[in-house]
Protein chains: 2
Amino acid sequence: MRRDSRLSGVLHILLHMARQSEPLTSEALARAMATNPVVVRRTMAGLRDTGLVHSEKGHGGGWTIARDPARITLHDIYLALGKPDVLAMSNRNDAPGCLVEQAVNEALGSAFAEAEALLLRRFSEVTLAQLSESFDRRFAKRGADFALETIHAE
Amino acid sequence: MRRDSRLSGVLHILLHMARQSEPLTSEALARAMATNPVVVRRTMAGLRDTGLVHSEKGHGGGWTIARDPARITLHDIYLALGKPDVLAMSNRNDAPGCLVEQAVNEALGSAFAEAEALLLRRFSEVTLAQLSESFDRRFAKRGADFALETIHAE
DNA sequence: TCTCATGTAACTTTACATGGTACATGATGA
DNA sequence: TCATCATGTACCATGTAAAGTTACATGAGA
């Protein structure tokens with residue numbers, strides 16, 4: 001099963017966006033995510049629709065953060081991405097007629113639900129601003145040139 | 001992302017196996033899982049190699065449980081299946097040079113690890129015997145004909 | 001020795017996320 | 001006004017992993 005890394009990728013570019021005021025184009029963001037500008041637009045569309053980011057066309061256009069990073073949690077971003085699957089496993093059959101399978105589903109289902117709830121709770125406890133501060137600490141330790149274009153250049 | 005339901009499927013047929021002493025053929029198990037006999041053998045191969053089940057060739061052959069169900073946990077089965085992915089999400093890059101992405105990875109990674117650990121802990125707390133008892137309670141409530149062949153017939 | 005059943009390699013099919021192309025829309029600036 | 005830049009999005013191509021399938025070897029009864 002291929003694992004979904006959109007949340008990770010989106011967080012990465014959101015943090016870069018949070019650290020500068022000028023809009024960043026899909027093309028620049030695509031370089032940072034090592035992907036295609038269209039994939040960036042497609043992924044960011046959900047964040048735009050839920051008001052987390054803003055996009056502007058034309059000269060000087062691109063993407064900017066539309067809300068205070070201290071008021072954006074990982075859970076907000078998870079929702080904006082369309083609630084992607086959290087777990088790679090699931091029950092085989094949601095409404096089995098077989099009582100044996102019902103017993104299996106109940107046990108597995110409650111374990112799955114607990115793990116998923118834990119992860120989403122963690123997501124709601126972390127803000128973009130906290131991640132940015134975490135970056136600041138790393139930067140203070142081993143400062144260097146971390147301009148988006150420079151660090152992600154090939 | 002397609003979700004893995006092998007654990008669910010395997011538990012289902014293990015419970016059926018635990019409730020009768022004669023060996024069950026791959027073909028009979030495949031009917032219960034609505035799949036193919038070869039898929040069953042492939043999936044069960046890991047359980048056989050770790051000693052959870054036994055297989056016998058020839059007339060009267062098939063699959064039987066090789067250990068006391070009270071001593072088989074869901075975690076044992078998870079291991080026998082080759083530790084399939086638990087989470088559908090992951091970090092985009094395991095060892096990024098970008099400090100921004102490192103900050104993201106740390107936050108997401110610890111949340112992922114907690115959720116995965118919780119699920120595996122739950123797995124190790126549940127035995128096949130407990131699931132079988134759960135079935136017994138359901139059966140007592142609305143008893144019917146639960147022979148493997150009957151209940152899964154089309 | 002015939003039949004039944006597993007063991008397994010190899011191939012095909014299916015599902016789906018991602019990658020990529022094309023073009024419409026709209027904003028900016030000369 | 002017109003050329004340019006950037007997003008919006010429909011549509012198609014591609015890569016990949018799980019599941020399904022076929023084929024045949026192996027071994028165990030009857």
# chains A, B, ... in the order shown; residues from 1 in each chain; ligands from 1
>>> residues_around(residues="region 10-26 of chain D", least_positions_apart="4", cutoff="9 Å", atoms="only C-alpha atoms (C1' of nucleotides)", output="NGL selection string")
(:A and (1-2)) or (:B and (2 or 4 or 35-36 or 38-39)) or (:C and (6-8 or 10-15 or 18-22))
>>> interface_residues(of="chain A", to="chain D", cutoff="10 Å", atoms="only C-alpha atoms (C1' of nucleotides)", output="VMD selection string")
chain A and resid 1 to 2 25 to 27 38 41 to 42 45 55 to 63
>>> write_last_selection(atoms="N, CA and C atoms", output="compact mmCIF listing (two decimals), in the first residue's frame")
# COMPACT_ATOMS: atom_id res chain seq x y z
N MET A 1 0.83 -1.21 0.00
CA MET A 1 0.00 0.00 0.00
C MET A 1 0.86 1.26 0.00
N ARG A 2 0.60 2.08 -0.94
CA ARG A 2 1.36 3.32 -1.00
C ARG A 2 0.85 4.31 0.03
N THR A 25 4.64 31.11 -6.01
CA THR A 25 3.92 30.50 -7.13
C THR A 25 3.87 28.98 -6.99
N SER A 26 2.91 28.37 -7.67
CA SER A 26 2.79 26.91 -7.67
C SER A 26 4.08 26.29 -8.16
N GLU A 27 4.75 26.97 -9.07
CA GLU A 27 5.97 26.40 -9.63
C GLU A 27 7.08 26.36 -8.58
N VAL A 38 0.86 21.50 -11.14
CA VAL A 38 -0.56 21.15 -11.15
C VAL A 38 -0.93 20.33 -9.92
N ARG A 41 -1.41 22.79 -7.12
CA ARG A 41 -2.69 23.50 -7.17
C ARG A 41 -3.83 22.59 -6.74
N ARG A 42 -3.76 21.35 -7.19
CA ARG A 42 -4.81 20.40 -6.86
C ARG A 42 -4.84 20.16 -5.35
N ALA A 45 -6.01 23.27 -3.41
CA ALA A 45 -7.39 23.70 -3.67
C ALA A 45 -8.26 23.55 -2.42
N SER A 55 -5.14 32.44 -2.97
CA SER A 55 -4.36 32.39 -4.21
C SER A 55 -4.72 33.58 -5.08
N GLU A 56 -3.74 34.04 -5.80
CA GLU A 56 -3.92 35.23 -6.64
C GLU A 56 -3.35 34.96 -8.02
N LYS A 57 -4.11 35.37 -9.05
CA LYS A 57 -3.64 35.16 -10.41
C LYS A 57 -2.77 36.32 -10.89
N GLY A 58 -2.19 36.12 -12.04
CA GLY A 58 -1.48 37.20 -12.71
C GLY A 58 -0.12 37.56 -12.15
N HIS A 59 0.44 38.62 -12.67
CA HIS A 59 1.77 39.09 -12.25
C HIS A 59 1.81 39.26 -10.74
N GLY A 60 2.86 38.74 -10.12
CA GLY A 60 3.00 38.88 -8.67
C GLY A 60 2.03 38.00 -7.91
N GLY A 61 1.33 37.13 -8.65
CA GLY A 61 0.36 36.26 -7.99
C GLY A 61 1.03 35.07 -7.33
N GLY A 62 0.21 34.18 -6.79
CA GLY A 62 0.72 32.98 -6.12
C GLY A 62 -0.06 32.72 -4.86
N TRP A 63 0.57 31.98 -3.94
CA TRP A 63 -0.11 31.53 -2.74
C TRP A 63 0.38 32.23 -1.48
>>> interface_residues(of="chain C", to="chain B", cutoff="7 Å", atoms="only C-alpha atoms (C1' of nucleotides)", output="MDAnalysis selection string")
chainID C and resid 4:6 16
>>> write_last_selection(atoms="all heavy atoms", output="mmCIF file, in the first residue's frame")
data_model
loop_
_atom_site.group_PDB
_atom_site.id
_atom_site.type_symbol
_atom_site.label_atom_id
_atom_site.label_comp_id
_atom_site.auth_asym_id
_atom_site.auth_seq_id
_atom_site.Cartn_x
_atom_site.Cartn_y
_atom_site.Cartn_z
ATOM 1 P P DC C 4 -11.051 -35.880 -6.727
ATOM 2 O OP1 DC C 4 -12.492 -36.004 -6.465
ATOM 3 O OP2 DC C 4 -10.554 -35.109 -7.896
ATOM 4 O "O5'" DC C 4 -10.365 -35.285 -5.421
ATOM 5 C "C5'" DC C 4 -10.380 -36.020 -4.207
ATOM 6 C "C4'" DC C 4 -9.347 -35.446 -3.259
ATOM 7 O "O4'" DC C 4 -8.026 -35.737 -3.762
ATOM 8 C "C3'" DC C 4 -9.432 -33.926 -3.107
ATOM 9 O "O3'" DC C 4 -9.413 -33.607 -1.731
ATOM 10 C "C2'" DC C 4 -8.192 -33.409 -3.811
ATOM 11 C "C1'" DC C 4 -7.230 -34.575 -3.621
ATOM 12 N N1 DC C 4 -6.136 -34.658 -4.636
ATOM 13 C C2 DC C 4 -4.813 -34.876 -4.209
ATOM 14 O O2 DC C 4 -4.589 -34.979 -3.006
ATOM 15 N N3 DC C 4 -3.828 -34.961 -5.140
ATOM 16 C C4 DC C 4 -4.124 -34.843 -6.436
ATOM 17 N N4 DC C 4 -3.113 -34.935 -7.314
ATOM 18 C C5 DC C 4 -5.460 -34.626 -6.893
ATOM 19 C C6 DC C 4 -6.426 -34.541 -5.955
ATOM 20 P P DA C 5 -10.102 -32.222 -1.265
ATOM 21 O OP1 DA C 5 -10.856 -32.481 -0.023
ATOM 22 O OP2 DA C 5 -10.759 -31.600 -2.430
ATOM 23 O "O5'" DA C 5 -8.831 -31.321 -0.945
ATOM 24 C "C5'" DA C 5 -8.051 -31.608 0.195
ATOM 25 C "C4'" DA C 5 -6.657 -31.037 0.025
ATOM 26 O "O4'" DA C 5 -6.000 -31.705 -1.066
ATOM 27 C "C3'" DA C 5 -6.592 -29.549 -0.337
ATOM 28 O "O3'" DA C 5 -6.309 -28.774 0.817
ATOM 29 C "C2'" DA C 5 -5.475 -29.444 -1.347
ATOM 30 C "C1'" DA C 5 -4.959 -30.858 -1.494
ATOM 31 N N9 DA C 5 -4.658 -31.135 -2.888
ATOM 32 C C8 DA C 5 -5.523 -31.216 -3.945
ATOM 33 N N7 DA C 5 -4.948 -31.445 -5.095
ATOM 34 C C5 DA C 5 -3.607 -31.500 -4.774
ATOM 35 C C6 DA C 5 -2.448 -31.715 -5.563
ATOM 36 N N6 DA C 5 -2.491 -31.895 -6.883
ATOM 37 N N1 DA C 5 -1.262 -31.714 -4.934
ATOM 38 C C2 DA C 5 -1.232 -31.524 -3.613
ATOM 39 N N3 DA C 5 -2.243 -31.330 -2.757
ATOM 40 C C4 DA C 5 -3.409 -31.322 -3.417
ATOM 41 P P DT C 6 -5.962 -27.192 0.657
ATOM 42 O OP1 DT C 6 -6.456 -26.579 1.904
ATOM 43 O OP2 DT C 6 -6.420 -26.691 -0.643
ATOM 44 O "O5'" DT C 6 -4.370 -27.177 0.686
ATOM 45 C "C5'" DT C 6 -3.692 -27.787 1.761
ATOM 46 C "C4'" DT C 6 -2.203 -27.913 1.446
ATOM 47 O "O4'" DT C 6 -2.046 -28.523 0.152
ATOM 48 C "C3'" DT C 6 -1.452 -26.587 1.368
ATOM 49 O "O3'" DT C 6 -0.170 -26.752 1.966
ATOM 50 C "C2'" DT C 6 -1.353 -26.324 -0.120
ATOM 51 C "C1'" DT C 6 -1.204 -27.734 -0.647
ATOM 52 N N1 DT C 6 -1.612 -27.873 -2.072
ATOM 53 C C2 DT C 6 -0.681 -28.281 -2.982
ATOM 54 O O2 DT C 6 0.467 -28.532 -2.705
ATOM 55 N N3 DT C 6 -1.157 -28.377 -4.274
ATOM 56 C C4 DT C 6 -2.432 -28.125 -4.723
ATOM 57 O O4 DT C 6 -2.740 -28.263 -5.906
ATOM 58 C C5 DT C 6 -3.362 -27.699 -3.703
ATOM 59 C C7 DT C 6 -4.780 -27.381 -4.079
ATOM 60 C C6 DT C 6 -2.918 -27.594 -2.447
ATOM 61 P P DC C 16 -10.399 2.177 -6.069
ATOM 62 O OP1 DC C 16 -10.890 2.121 -4.677
ATOM 63 O OP2 DC C 16 -11.295 2.549 -7.180
ATOM 64 O "O5'" DC C 16 -9.140 3.141 -6.099
ATOM 65 C "C5'" DC C 16 -7.987 2.780 -5.348
ATOM 66 C "C4'" DC C 16 -6.847 3.697 -5.711
ATOM 67 O "O4'" DC C 16 -6.207 3.263 -6.925
ATOM 68 C "C3'" DC C 16 -7.272 5.156 -5.948
ATOM 69 O "O3'" DC C 16 -6.345 5.984 -5.303
ATOM 70 C "C2'" DC C 16 -7.148 5.290 -7.451
ATOM 71 C "C1'" DC C 16 -5.930 4.407 -7.686
ATOM 72 N N1 DC C 16 -5.704 4.023 -9.095
ATOM 73 C C2 DC C 16 -4.378 3.807 -9.524
ATOM 74 O O2 DC C 16 -3.466 3.922 -8.711
ATOM 75 N N3 DC C 16 -4.151 3.473 -10.818
ATOM 76 C C4 DC C 16 -5.178 3.353 -11.668
ATOM 77 N N4 DC C 16 -4.897 3.027 -12.923
ATOM 78 C C5 DC C 16 -6.520 3.571 -11.248
ATOM 79 C C6 DC C 16 -6.741 3.900 -9.960
#
>>> closest_residue(among="A:Leu79, A:Ala32, A:Ile65, A:Ile72", to="Leu120 (chain A)", atoms="only C-alpha atoms")
A:Leu79
>>> atom_distance(atom1="CA of Arg3 (chain A)", atom2="CA of Arg121 (chain A)")
20.5 Å
>>> interface_residues(of="chain A", to="chain B", cutoff="6 Å", atoms="only C-alpha atoms", output="number ranges by chain")
A: 3-5, 8, 12, 86-92, 100-101, 103, 115, 119, 134-135
>>> atom_distance(atom1="CA of Lys83 (chain A)", atom2="CA of Ile77 (chain B)")
28.9 Å
>>> select_by_dssp(residues="region 22-110 of chain A", states="strand (DSSP E or B)", output="list in words")
Leu24, Val53, His54, Ser55, Glu56, Gly62, Trp63, Thr64, Ile65, Thr73, Leu87 and Met89 of chain A
>>> write_last_selection(atoms="C-alpha atoms", output="PDB file, in the first residue's frame")
ATOM      1  CA  LEU A  24       4.839  31.937  -3.760  1.00  0.00           C
ATOM      2  CA  VAL A  53      -4.666  30.017   2.154  1.00  0.00           C
ATOM      3  CA  HIS A  54      -5.331  32.539  -0.550  1.00  0.00           C
ATOM      4  CA  SER A  55      -4.363  32.393  -4.209  1.00  0.00           C
ATOM      5  CA  GLU A  56      -3.922  35.233  -6.642  1.00  0.00           C
ATOM      6  CA  GLY A  62       0.719  32.982  -6.119  1.00  0.00           C
ATOM      7  CA  TRP A  63      -0.114  31.527  -2.736  1.00  0.00           C
ATOM      8  CA  THR A  64      -0.206  33.179   0.690  1.00  0.00           C
ATOM      9  CA  ILE A  65      -1.363  32.097   4.130  1.00  0.00           C
ATOM     10  CA  THR A  73      -3.863  23.237  13.504  1.00  0.00           C
ATOM     11  CA  LEU A  87      -5.228   3.773   8.836  1.00  0.00           C
ATOM     12  CA  MET A  89      -6.082  -1.422   7.585  1.00  0.00           C
TER      13      MET A  89
END
>>> atom_distance(atom1="CA of Asp68 (chain B)", atom2="CA of Ala129 (chain B)")
8.2 Å
